[in-house]
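One structure below.
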Amino acid sequence: MKERARIDATFVDRRIEDEDRAAIWASVDAILARGPLASAGRSSTGLALGYVQSGKTTSITGLIAAAADVGYRLIVALLGSTNLLLDQNTARLHKAFGIGSRDDYVWVSLSNPSGTARAKEVASWLGRGRVVLIPLIKHAGRIDALAKVIEAAHVDIPVLIVDDEADQASLNTQVSAASRSRTYEAISKLREAAPGHLYVQFTATPYAPLLLEPDDHLRPEFVEMLQPGKGYTGGREFFVERADTVIRPIPTLDEQPPRGSITRLPRSLVSAFANFVAGTALLLGHDASAPPVSMLVHSTQRNAIQERYHFLLERLVRKWKDDVADLARTDDLPDEILEERARLVAAGAIDLPDDQLLENLRYILRETTLWLVNSASDVQNVDWHVAPVHVLVGGNKLDRGFTVEGLTVTYMNRPPSTQIDTLEQRARAYGYRGDLLPYCQFFATPRTLRVLREIVDTEYDLRARLEDWVDGGNSVGEWAREVGLLLPAGTVPTRQAVLGTLARFNERPTWHQLRRPSLDPRDLDANARLVRDLGLLHAPYADYGRLAHRSLMLPLDVVAEDIVSAWRGAPVGASPGWRQEELSGLIRRQPDTHGPVLVTLMEHPDGGPRQRDWDKETGFINLMQGADPRRSAGAPTYAGDRSVGGADADPSRIVVQVHHVRSTRSGGTPPLFTLAVHAGDRQVTRRD
């Protein structure tokens, strides 16, 4: 039986639906079509883009199986930067391919090959027709050793190299120093040792690989979009569609300071654990096959503080276990459990009779197993088979790649990272368990939740625009220069160490002013007609304190197309800081394309144009009117043009002002219309 057929049978056993299996194999075939066996031996680099916790390992397994069938008999799998991830992912591949249990002599798996003897062994196995799988940690020494083994074995067959979590560890962290980091250099040598190879990078957070320098050997030449299976729950489900029931803001004061200590559990964490206990009791009462069920506590990267959280949670478990041991009535349960039970039932969880709930709670608290997952702990692997209920306490070790089985409750009081790839990977709540959504809760501070919600827009905007761009016959590199990423305010795509110079537009929320509009009569007439056709000249007045301005609410897409993009006579360089194409593009990329936008006409209070000084090089001086000076109490005041529409209070708002102005100087400008635009707080980041 072919390996593809074997793996497909395991997909059927796992109840992966026909449509989802077809999507997996379609992606596999598209990737292999870019490899050396399909392109006259030419090596190539690709990016397989999935979603966080969406089953990328399943796609990797399918790719390896199909590659083995078509002639790739040396397969290198870079499976993470920690032994924890390497062991977890290697075990999955061995189980999937039956390595160690089959007797048909197809597969050989070699761990950390090094030296002349292993080179001879690799050559021997390949000579005997085996498919040689080499799982490897992303460690420079291990990769260097493998490169030497492949060279010494005189490998002259196509090689598949799979790089899981490719945006981490593999990349060059010495870009800013004009040098090469050790692991990055080792991967380069590995690729040189395998002259005909297909290098496939798997990740859910592709921000760094997509923005690499043009000459970087890890910059992808092609992208394959991996599709999540039915029932997948990700950022959209958690932070947009089901936010009212899933998201639980916690007090900012409960945020764990990076160097602070902890003497007792935050009240919000006690509530989160109560929710987990109550939810698991309800879940198991209706679905005995649900385990393992788990909770994740992520508060800090510091091991000593993680240990303290672990200790305090253990103490809480013991206390509640004693509290419920002899209870006869649910009324006597801890208040936190009663409150969370009511909340869960109101959100859609199915309740249980009181006697069964008490019995389940005793069972849950007896079986709750706490794991400390950090670099200082003795726990190398969480064993999901030793108990049905798990609580994982950790930090960076749980950030990326680590699969948390049956995760229902996440508690994240760690200060949010400004790097969106790190923060998105930290939210391990995503996965295939859509049936668990009524029992899912995500506890975090408001600023963490805000960024995670806006990352949803970043993720879907990236996929949609990249797919459109590539389908239009353009290259990934051109996308990085021409389109780029739409990012939440105050964030960066990844750590700066792996990227060179980037171009950022609207990096800080501000008013974009067309200070030096065209004075060409044709442009002046066209813009005046535009203002008239909008109906702005006769729009109703709205009060803004001492002044009133004609105001309209128009759909965002109309504002982008019919005002900003259609405005005449403002090419790049014509007016200081005015970037019309980027500005209209940024507005078009907002998530609510039909949302209302305030458009105001800024004129003299008596009607007609305002008067402003004019500089022939820089245009109008102080185009936007400032706030009134201090006045006596009770007198009406004007907070200034920048406050119109509330953009000063809410930087995420998009506001457009049409300014009717003329120059105070003789021979300066005639009366004309020009623009000031507040484009919200998102930014576009591109390869410079």
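We label chains A, B, ... in the order they appear in the structure tokens, count residues from 1 in each chain, and number ligands from 1 in the order shown.
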
Long-range neighbours of A:Arg665 as a count of residues only, 9 Å cut-off, only C-alpha atoms, 3 positions minimum in chain: 6

Who sits within 9 Å of stretch 127-137 of chain A, only C-alpha atoms, same chain under 6 positions skipped, as a PyMOL selection string: chain A and resi 68+71-83+85-86+89-90+105-113+143+146

Non-local contacts of A:Tyr439 (8 Å; only C-alpha atoms; under 5 positions in same chain excluded) as a PyMOL selection string: chain A and resi 279-280+283+344+349+408-409

Which polymer residues have any atom within 10 Å of an atom of A:Val246, counting only C-alpha atoms, with same-chain residues fewer than 6 positions away left out, as a PDB file with C-alpha atoms, in the first residue's frame?
ATOM      1  CA  GLU A 237     -14.625  32.506  16.811  1.00  0.00           C
ATOM      2  CA  PHE A 238     -13.033  33.495  20.111  1.00  0.00           C
ATOM      3  CA  PHE A 239     -12.521  37.223  19.764  1.00  0.00           C
ATOM      4  CA  VAL A 240     -15.249  38.280  17.328  1.00  0.00           C
ATOM      5  CA  LEU A 344     -21.720  28.616  31.821  1.00  0.00           C
ATOM      6  CA  ALA A 347     -23.849  30.763  27.789  1.00  0.00           C
ATOM      7  CA  THR A 408     -11.207  24.936  27.527  1.00  0.00           C
ATOM      8  CA  VAL A 409      -9.998  27.711  29.867  1.00  0.00           C
ATOM      9  CA  LEU A 437     -16.994  26.303  22.733  1.00  0.00           C
ATOM     10  CA  PRO A 438     -19.827  26.460  25.312  1.00  0.00           C
ATOM     11  CA  TYR A 439     -17.221  25.480  27.920  1.00  0.00           C
ATOM     12  CA  CYS A 440     -14.433  27.754  26.644  1.00  0.00           C
ATOM     13  CA  GLN A 441     -13.367  30.919  28.444  1.00  0.00           C
ATOM     14  CA  PHE A 442     -10.445  33.213  27.740  1.00  0.00           C
ATOM     15  CA  PHE A 443      -9.333  35.380  30.681  1.00  0.00           C
TER      16      PHE A 443
END

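Taking the backbone of this structure through DSSP, the residues of stretch 533-580 of chain A that come out as helix (DSSP H, G or I) are A:Asp533, A:Leu534, A:Leu536, A:Leu537, A:His538, A:Leu556, A:Asp557, A:Val558, A:Val559, A:Ala560, A:Glu561, A:Asp562, A:Ile563, A:Val564, A:Gln580.
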
Just write the chosen residues, N, CA and C atoms, as a compact mmCIF listing (two decimals), in the first residue's frame.
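Final file, result37.txt:
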# COMPACT_ATOMS: atom_id res chain seq x y z
N ASP A 533 -21.15 66.79 -5.32
CA ASP A 533 -21.89 65.56 -5.59
C ASP A 533 -22.09 64.72 -4.33
N LEU A 534 -21.19 64.85 -3.37
CA LEU A 534 -21.38 64.16 -2.09
C LEU A 534 -22.57 64.72 -1.31
N LEU A 536 -22.23 67.47 0.41
CA LEU A 536 -21.64 68.05 1.62
C LEU A 536 -21.93 69.55 1.72
N LEU A 537 -22.09 70.23 0.59
CA LEU A 537 -22.30 71.67 0.63
C LEU A 537 -23.64 72.04 1.26
N HIS A 538 -24.57 71.10 1.28
CA HIS A 538 -25.89 71.37 1.84
C HIS A 538 -26.23 70.39 2.97
N LEU A 556 -17.74 53.50 4.70
CA LEU A 556 -16.28 53.54 4.62
C LEU A 556 -15.78 53.31 3.20
N ASP A 557 -16.39 52.36 2.48
CA ASP A 557 -15.91 52.09 1.12
C ASP A 557 -16.16 53.28 0.19
N VAL A 558 -17.23 54.03 0.43
CA VAL A 558 -17.49 55.23 -0.37
C VAL A 558 -16.43 56.29 -0.07
N VAL A 559 -16.09 56.43 1.21
CA VAL A 559 -15.06 57.40 1.60
C VAL A 559 -13.73 57.06 0.92
N ALA A 560 -13.37 55.77 0.94
CA ALA A 560 -12.09 55.36 0.35
C ALA A 560 -12.06 55.60 -1.15
N GLU A 561 -13.14 55.19 -1.84
CA GLU A 561 -13.14 55.24 -3.30
C GLU A 561 -13.50 56.62 -3.84
N ASP A 562 -14.57 57.22 -3.29
CA ASP A 562 -15.13 58.43 -3.91
C ASP A 562 -14.57 59.73 -3.35
N ILE A 563 -13.82 59.65 -2.25
CA ILE A 563 -13.21 60.87 -1.73
C ILE A 563 -11.68 60.76 -1.77
N VAL A 564 -11.12 59.88 -0.94
CA VAL A 564 -9.66 59.85 -0.80
C VAL A 564 -8.99 59.43 -2.10
N GLN A 580 -1.44 59.50 -0.84
CA GLN A 580 -2.83 59.25 -1.20
C GLN A 580 -3.13 57.76 -1.43

May I have the residues within 12 Å of A:Val531 as a short mmCIF file (atom, residue, chain, number, x, y, z; two decimals) with all heavy atoms, in the first residue's frame, using only C-alpha atoms and disregarding those fewer than 2 positions away in the same chain?
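The result, written out as out-v7.cif:
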data_model
loop_
_atom_site.label_atom_id
_atom_site.label_comp_id
_atom_site.auth_asym_id
_atom_site.auth_seq_id
_atom_site.Cartn_x
_atom_site.Cartn_y
_atom_site.Cartn_z
N LEU A 524 -8.92 71.72 -9.45
CA LEU A 524 -9.78 72.47 -8.54
C LEU A 524 -11.25 72.25 -8.88
O LEU A 524 -12.09 72.04 -8.00
CB LEU A 524 -9.44 73.96 -8.60
CG LEU A 524 -8.04 74.37 -8.12
CD1 LEU A 524 -7.85 75.88 -8.29
CD2 LEU A 524 -7.83 73.97 -6.67
N ASP A 525 -11.57 72.28 -10.18
CA ASP A 525 -12.95 72.08 -10.59
C ASP A 525 -13.42 70.65 -10.29
O ASP A 525 -14.55 70.44 -9.82
CB ASP A 525 -13.10 72.35 -12.10
CG ASP A 525 -12.98 73.83 -12.43
OD1 ASP A 525 -13.09 74.66 -11.50
OD2 ASP A 525 -12.77 74.16 -13.62
N ALA A 526 -12.56 69.67 -10.56
CA ALA A 526 -12.95 68.28 -10.31
C ALA A 526 -13.21 68.03 -8.83
O ALA A 526 -14.18 67.37 -8.46
CB ALA A 526 -11.85 67.34 -10.82
N ASN A 527 -12.36 68.57 -7.97
CA ASN A 527 -12.54 68.37 -6.53
C ASN A 527 -13.78 69.10 -6.02
O ASN A 527 -14.49 68.61 -5.14
CB ASN A 527 -11.29 68.82 -5.78
CG ASN A 527 -10.09 67.95 -6.08
OD1 ASN A 527 -10.25 66.76 -6.39
ND2 ASN A 527 -8.89 68.52 -6.02
N ALA A 528 -14.05 70.28 -6.57
CA ALA A 528 -15.26 71.01 -6.17
C ALA A 528 -16.51 70.24 -6.56
O ALA A 528 -17.49 70.17 -5.80
CB ALA A 528 -15.26 72.40 -6.81
N ARG A 529 -16.50 69.63 -7.76
CA ARG A 529 -17.65 68.81 -8.18
C ARG A 529 -17.81 67.61 -7.26
O ARG A 529 -18.93 67.22 -6.91
CB ARG A 529 -17.46 68.34 -9.63
CG ARG A 529 -17.69 69.43 -10.66
CD ARG A 529 -17.87 68.82 -12.06
NE ARG A 529 -16.72 68.00 -12.45
CZ ARG A 529 -15.65 68.47 -13.07
NH1 ARG A 529 -15.55 69.78 -13.35
NH2 ARG A 529 -14.67 67.66 -13.40
N ASP A 533 -21.15 66.79 -5.32
CA ASP A 533 -21.89 65.56 -5.59
C ASP A 533 -22.09 64.72 -4.33
O ASP A 533 -23.05 63.95 -4.24
CB ASP A 533 -21.16 64.72 -6.64
CG ASP A 533 -21.17 65.39 -8.02
OD1 ASP A 533 -21.97 66.34 -8.21
OD2 ASP A 533 -20.38 64.96 -8.88
N LEU A 534 -21.19 64.85 -3.37
CA LEU A 534 -21.38 64.16 -2.09
C LEU A 534 -22.57 64.72 -1.31
O LEU A 534 -23.09 64.06 -0.41
CB LEU A 534 -20.12 64.28 -1.23
CG LEU A 534 -18.90 63.47 -1.64
CD1 LEU A 534 -17.70 63.88 -0.78
CD2 LEU A 534 -19.15 61.97 -1.50
N GLY A 535 -22.99 65.91 -1.63
CA GLY A 535 -24.06 66.56 -0.88
C GLY A 535 -23.55 67.29 0.34
O GLY A 535 -24.33 67.74 1.19
N LEU A 536 -22.23 67.47 0.41
CA LEU A 536 -21.64 68.05 1.62
C LEU A 536 -21.93 69.55 1.72
O LEU A 536 -22.05 70.09 2.83
CB LEU A 536 -20.13 67.79 1.62
CG LEU A 536 -19.37 68.06 2.92
CD1 LEU A 536 -19.95 67.25 4.07
CD2 LEU A 536 -17.89 67.73 2.73
N LEU A 537 -22.09 70.23 0.59
CA LEU A 537 -22.30 71.67 0.63
C LEU A 537 -23.64 72.04 1.26
O LEU A 537 -23.83 73.18 1.72
CB LEU A 537 -22.22 72.26 -0.78
CG LEU A 537 -20.86 72.12 -1.49
CD1 LEU A 537 -20.95 72.69 -2.90
CD2 LEU A 537 -19.77 72.83 -0.70
N HIS A 538 -24.57 71.10 1.28
CA HIS A 538 -25.89 71.37 1.84
C HIS A 538 -26.23 70.39 2.97
O HIS A 538 -27.41 70.25 3.32
CB HIS A 538 -26.95 71.30 0.74
CG HIS A 538 -26.70 72.23 -0.39
ND1 HIS A 538 -26.85 73.61 -0.28
CD2 HIS A 538 -26.25 72.00 -1.66
CE1 HIS A 538 -26.54 74.18 -1.43
NE2 HIS A 538 -26.17 73.23 -2.29
N ALA A 539 -25.20 69.74 3.51
CA ALA A 539 -25.43 68.79 4.60
C ALA A 539 -25.86 69.54 5.86
O ALA A 539 -25.55 70.73 6.03
CB ALA A 539 -24.15 68.00 4.87
N ARG A 550 -20.96 71.43 8.75
CA ARG A 550 -21.80 70.54 7.95
C ARG A 550 -21.20 69.13 8.01
O ARG A 550 -19.99 68.95 7.80
CB ARG A 550 -21.88 71.03 6.51
CG ARG A 550 -22.59 72.38 6.36
CD ARG A 550 -22.82 72.70 4.89
NE ARG A 550 -23.42 74.02 4.72
CZ ARG A 550 -24.73 74.27 4.77
NH1 ARG A 550 -25.58 73.26 5.00
NH2 ARG A 550 -25.18 75.49 4.59
N LEU A 552 -21.78 64.70 7.33
CA LEU A 552 -22.45 63.54 6.74
C LEU A 552 -21.85 62.27 7.33
O LEU A 552 -20.67 62.24 7.71
CB LEU A 552 -22.25 63.51 5.23
CG LEU A 552 -22.93 64.56 4.36
CD1 LEU A 552 -22.46 64.39 2.91
CD2 LEU A 552 -24.45 64.43 4.44
N VAL A 559 -16.09 56.43 1.21
CA VAL A 559 -15.06 57.40 1.60
C VAL A 559 -13.73 57.06 0.92
O VAL A 559 -13.04 57.94 0.38
CB VAL A 559 -14.90 57.42 3.13
CG1 VAL A 559 -13.64 58.17 3.54
CG2 VAL A 559 -16.13 58.05 3.78
N ASP A 562 -14.57 57.22 -3.29
CA ASP A 562 -15.13 58.43 -3.91
C ASP A 562 -14.57 59.73 -3.35
O ASP A 562 -14.86 60.80 -3.89
CB ASP A 562 -16.66 58.43 -3.75
CG ASP A 562 -17.31 57.27 -4.48
OD1 ASP A 562 -16.62 56.63 -5.30
OD2 ASP A 562 -18.51 57.00 -4.24
N ILE A 563 -13.82 59.65 -2.25
CA ILE A 563 -13.21 60.87 -1.73
C ILE A 563 -11.68 60.76 -1.77
O ILE A 563 -11.02 61.42 -2.58
CB ILE A 563 -13.68 61.17 -0.29
CG1 ILE A 563 -15.21 61.30 -0.23
CG2 ILE A 563 -13.02 62.45 0.23
CD1 ILE A 563 -15.75 61.57 1.17
N VAL A 564 -11.12 59.88 -0.94
CA VAL A 564 -9.66 59.85 -0.80
C VAL A 564 -8.99 59.43 -2.10
O VAL A 564 -8.07 60.09 -2.60
CB VAL A 564 -9.25 58.93 0.37
CG1 VAL A 564 -7.74 58.90 0.50
CG2 VAL A 564 -9.90 59.40 1.67
N ALA A 566 -10.32 59.30 -5.12
CA ALA A 566 -10.74 60.08 -6.29
C ALA A 566 -10.23 61.52 -6.27
O ALA A 566 -10.37 62.23 -7.28
CB ALA A 566 -12.28 60.08 -6.36
N TRP A 567 -9.64 61.95 -5.16
CA TRP A 567 -9.20 63.36 -5.07
C TRP A 567 -8.12 63.64 -6.10
O TRP A 567 -7.17 62.87 -6.25
CB TRP A 567 -8.70 63.65 -3.67
CG TRP A 567 -8.74 65.12 -3.33
CD1 TRP A 567 -7.71 66.00 -3.42
CD2 TRP A 567 -9.87 65.86 -2.87
NE1 TRP A 567 -8.13 67.26 -3.04
CE2 TRP A 567 -9.46 67.20 -2.70
CE3 TRP A 567 -11.20 65.52 -2.59
CZ2 TRP A 567 -10.32 68.20 -2.26
CZ3 TRP A 567 -12.06 66.51 -2.14
CH2 TRP A 567 -11.62 67.84 -1.98
N ARG A 568 -8.24 64.73 -6.81
CA ARG A 568 -7.36 65.04 -7.93
C ARG A 568 -6.16 65.90 -7.52
O ARG A 568 -6.27 66.77 -6.66
CB ARG A 568 -8.14 65.78 -9.02
CG ARG A 568 -9.14 64.93 -9.78
CD ARG A 568 -8.48 64.21 -10.94
NE ARG A 568 -7.99 65.19 -11.92
CZ ARG A 568 -8.70 65.65 -12.94
NH1 ARG A 568 -9.95 65.24 -13.12
NH2 ARG A 568 -8.17 66.52 -13.80
N VAL A 599 -17.87 62.62 7.74
CA VAL A 599 -17.25 63.53 6.78
C VAL A 599 -17.78 64.93 7.08
O VAL A 599 -19.00 65.14 7.12
CB VAL A 599 -17.59 63.13 5.33
CG1 VAL A 599 -16.90 64.08 4.35
CG2 VAL A 599 -17.17 61.69 5.07
N THR A 600 -16.88 65.87 7.33
CA THR A 600 -17.30 67.23 7.70
C THR A 600 -16.72 68.25 6.73
O THR A 600 -15.65 68.05 6.14
CB THR A 600 -16.83 67.59 9.13
OG1 THR A 600 -15.40 67.50 9.19
CG2 THR A 600 -17.44 66.66 10.16
N LEU A 601 -17.44 69.34 6.58
CA LEU A 601 -16.98 70.48 5.78
C LEU A 601 -16.51 71.56 6.73
O LEU A 601 -17.28 72.09 7.54
CB LEU A 601 -18.11 71.01 4.90
CG LEU A 601 -17.78 72.24 4.04
CD1 LEU A 601 -16.66 71.93 3.05
CD2 LEU A 601 -19.03 72.75 3.33
N MET A 602 -15.23 71.90 6.66
CA MET A 602 -14.63 72.88 7.56
C MET A 602 -14.54 74.24 6.84
O MET A 602 -13.72 74.41 5.93
CB MET A 602 -13.23 72.41 8.01
CG MET A 602 -13.15 70.93 8.36
SD MET A 602 -14.28 70.42 9.67
CE MET A 602 -13.44 71.08 11.10
N GLN A 657 -12.15 65.21 6.83
CA GLN A 657 -12.52 66.63 6.81
C GLN A 657 -12.19 67.22 5.44
O GLN A 657 -11.08 67.03 4.94
CB GLN A 657 -11.77 67.40 7.90
CG GLN A 657 -12.11 66.96 9.32
CD GLN A 657 -11.32 67.71 10.37
OE1 GLN A 657 -10.47 68.55 10.04
NE2 GLN A 657 -11.57 67.40 11.63
N VAL A 658 -13.18 67.91 4.86
CA VAL A 658 -12.96 68.66 3.63
C VAL A 658 -12.81 70.13 4.04
O VAL A 658 -13.75 70.74 4.56
CB VAL A 658 -14.13 68.49 2.65
CG1 VAL A 658 -13.91 69.35 1.41
CG2 VAL A 658 -14.29 67.02 2.26
N HIS A 659 -11.64 70.68 3.86
CA HIS A 659 -11.34 72.05 4.27
C HIS A 659 -11.54 73.01 3.08
O HIS A 659 -10.94 72.82 2.02
CB HIS A 659 -9.91 72.15 4.80
CG HIS A 659 -9.74 71.52 6.14
ND1 HIS A 659 -9.64 72.26 7.30
CD2 HIS A 659 -9.66 70.21 6.51
CE1 HIS A 659 -9.51 71.43 8.33
NE2 HIS A 659 -9.51 70.18 7.87
N HIS A 660 -12.38 74.01 3.31
CA HIS A 660 -12.61 75.06 2.33
C HIS A 660 -11.72 76.25 2.74
O HIS A 660 -11.95 76.88 3.77
CB HIS A 660 -14.09 75.46 2.33
CG HIS A 660 -14.48 76.32 1.19
ND1 HIS A 660 -15.72 76.94 1.10
CD2 HIS A 660 -13.81 76.69 0.05
CE1 HIS A 660 -15.78 77.63 -0.01
NE2 HIS A 660 -14.65 77.49 -0.68
N LEU A 672 -10.43 77.07 -2.45
CA LEU A 672 -10.34 75.68 -2.92
C LEU A 672 -10.71 74.73 -1.80
O LEU A 672 -10.86 75.13 -0.64
CB LEU A 672 -8.94 75.38 -3.45
CG LEU A 672 -7.73 75.60 -2.52
CD1 LEU A 672 -7.53 74.47 -1.54
CD2 LEU A 672 -6.47 75.79 -3.35
N PHE A 673 -10.83 73.45 -2.16
CA PHE A 673 -11.10 72.40 -1.18
C PHE A 673 -9.86 71.51 -1.08
O PHE A 673 -9.21 71.20 -2.09
CB PHE A 673 -12.30 71.55 -1.61
CG PHE A 673 -13.59 72.30 -1.64
CD1 PHE A 673 -14.10 72.77 -2.85
CD2 PHE A 673 -14.30 72.55 -0.47
CE1 PHE A 673 -15.30 73.47 -2.90
CE2 PHE A 673 -15.50 73.25 -0.50
CZ PHE A 673 -16.00 73.71 -1.72
N THR A 674 -9.57 71.10 0.14
CA THR A 674 -8.49 70.14 0.37
C THR A 674 -8.89 69.22 1.52
O THR A 674 -9.95 69.40 2.14
CB THR A 674 -7.15 70.85 0.63
OG1 THR A 674 -6.09 69.90 0.58
CG2 THR A 674 -7.14 71.56 1.97
N LEU A 675 -8.05 68.24 1.81
CA LEU A 675 -8.44 67.17 2.72
C LEU A 675 -7.55 67.09 3.96
O LEU A 675 -6.36 67.40 3.91
CB LEU A 675 -8.37 65.81 2.01
CG LEU A 675 -9.32 65.56 0.85
CD1 LEU A 675 -9.06 64.18 0.25
CD2 LEU A 675 -10.77 65.67 1.30
#

Residues of stretch 128-209 of chain A at most 8 Å from stretch 492-499 of chain A: nearest atom pair and distance in Å, only C-alpha atoms, as JSON lines:
{"residue": "A:Leu171", "atom": "CA", "partner": "A:Val498", "partner_atom": "CA", "distance": 6.4}
{"residue": "A:Asn172", "atom": "CA", "partner": "A:Val498", "partner_atom": "CA", "distance": 5.5}
{"residue": "A:Thr173", "atom": "CA", "partner": "A:Val498", "partner_atom": "CA", "distance": 4.6}
{"residue": "A:Gln174", "atom": "CA", "partner": "A:Ala497", "partner_atom": "CA", "distance": 6.2}
{"residue": "A:Val175", "atom": "CA", "partner": "A:Val498", "partner_atom": "CA", "distance": 5.7}
{"residue": "A:Ser176", "atom": "CA", "partner": "A:Ala497", "partner_atom": "CA", "distance": 6.2}
{"residue": "A:Tyr207", "atom": "CA", "partner": "A:Pro493", "partner_atom": "CA", "distance": 5.7}
{"residue": "A:Ala208", "atom": "CA", "partner": "A:Thr494", "partner_atom": "CA", "distance": 6.1}

Quick one: write out the picked residues with C-alpha atoms as a PDB file, in the first residue's frame?
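Writing the result to again_16.pdb gives the following:
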ATOM      1  CA  LEU A 171      15.701  32.819  10.763  1.00  0.00           C
ATOM      2  CA  ASN A 172      18.816  34.965  10.813  1.00  0.00           C
ATOM      3  CA  THR A 173      18.878  36.853  14.121  1.00  0.00           C
ATOM      4  CA  GLN A 174      21.971  38.845  13.127  1.00  0.00           C
ATOM      5  CA  VAL A 175      20.476  40.843  10.257  1.00  0.00           C
ATOM      6  CA  SER A 176      20.990  44.188  11.964  1.00  0.00           C
ATOM      7  CA  TYR A 207       5.020  37.729   9.308  1.00  0.00           C
ATOM      8  CA  ALA A 208       8.796  37.366   9.492  1.00  0.00           C
TER       9      ALA A 208
END
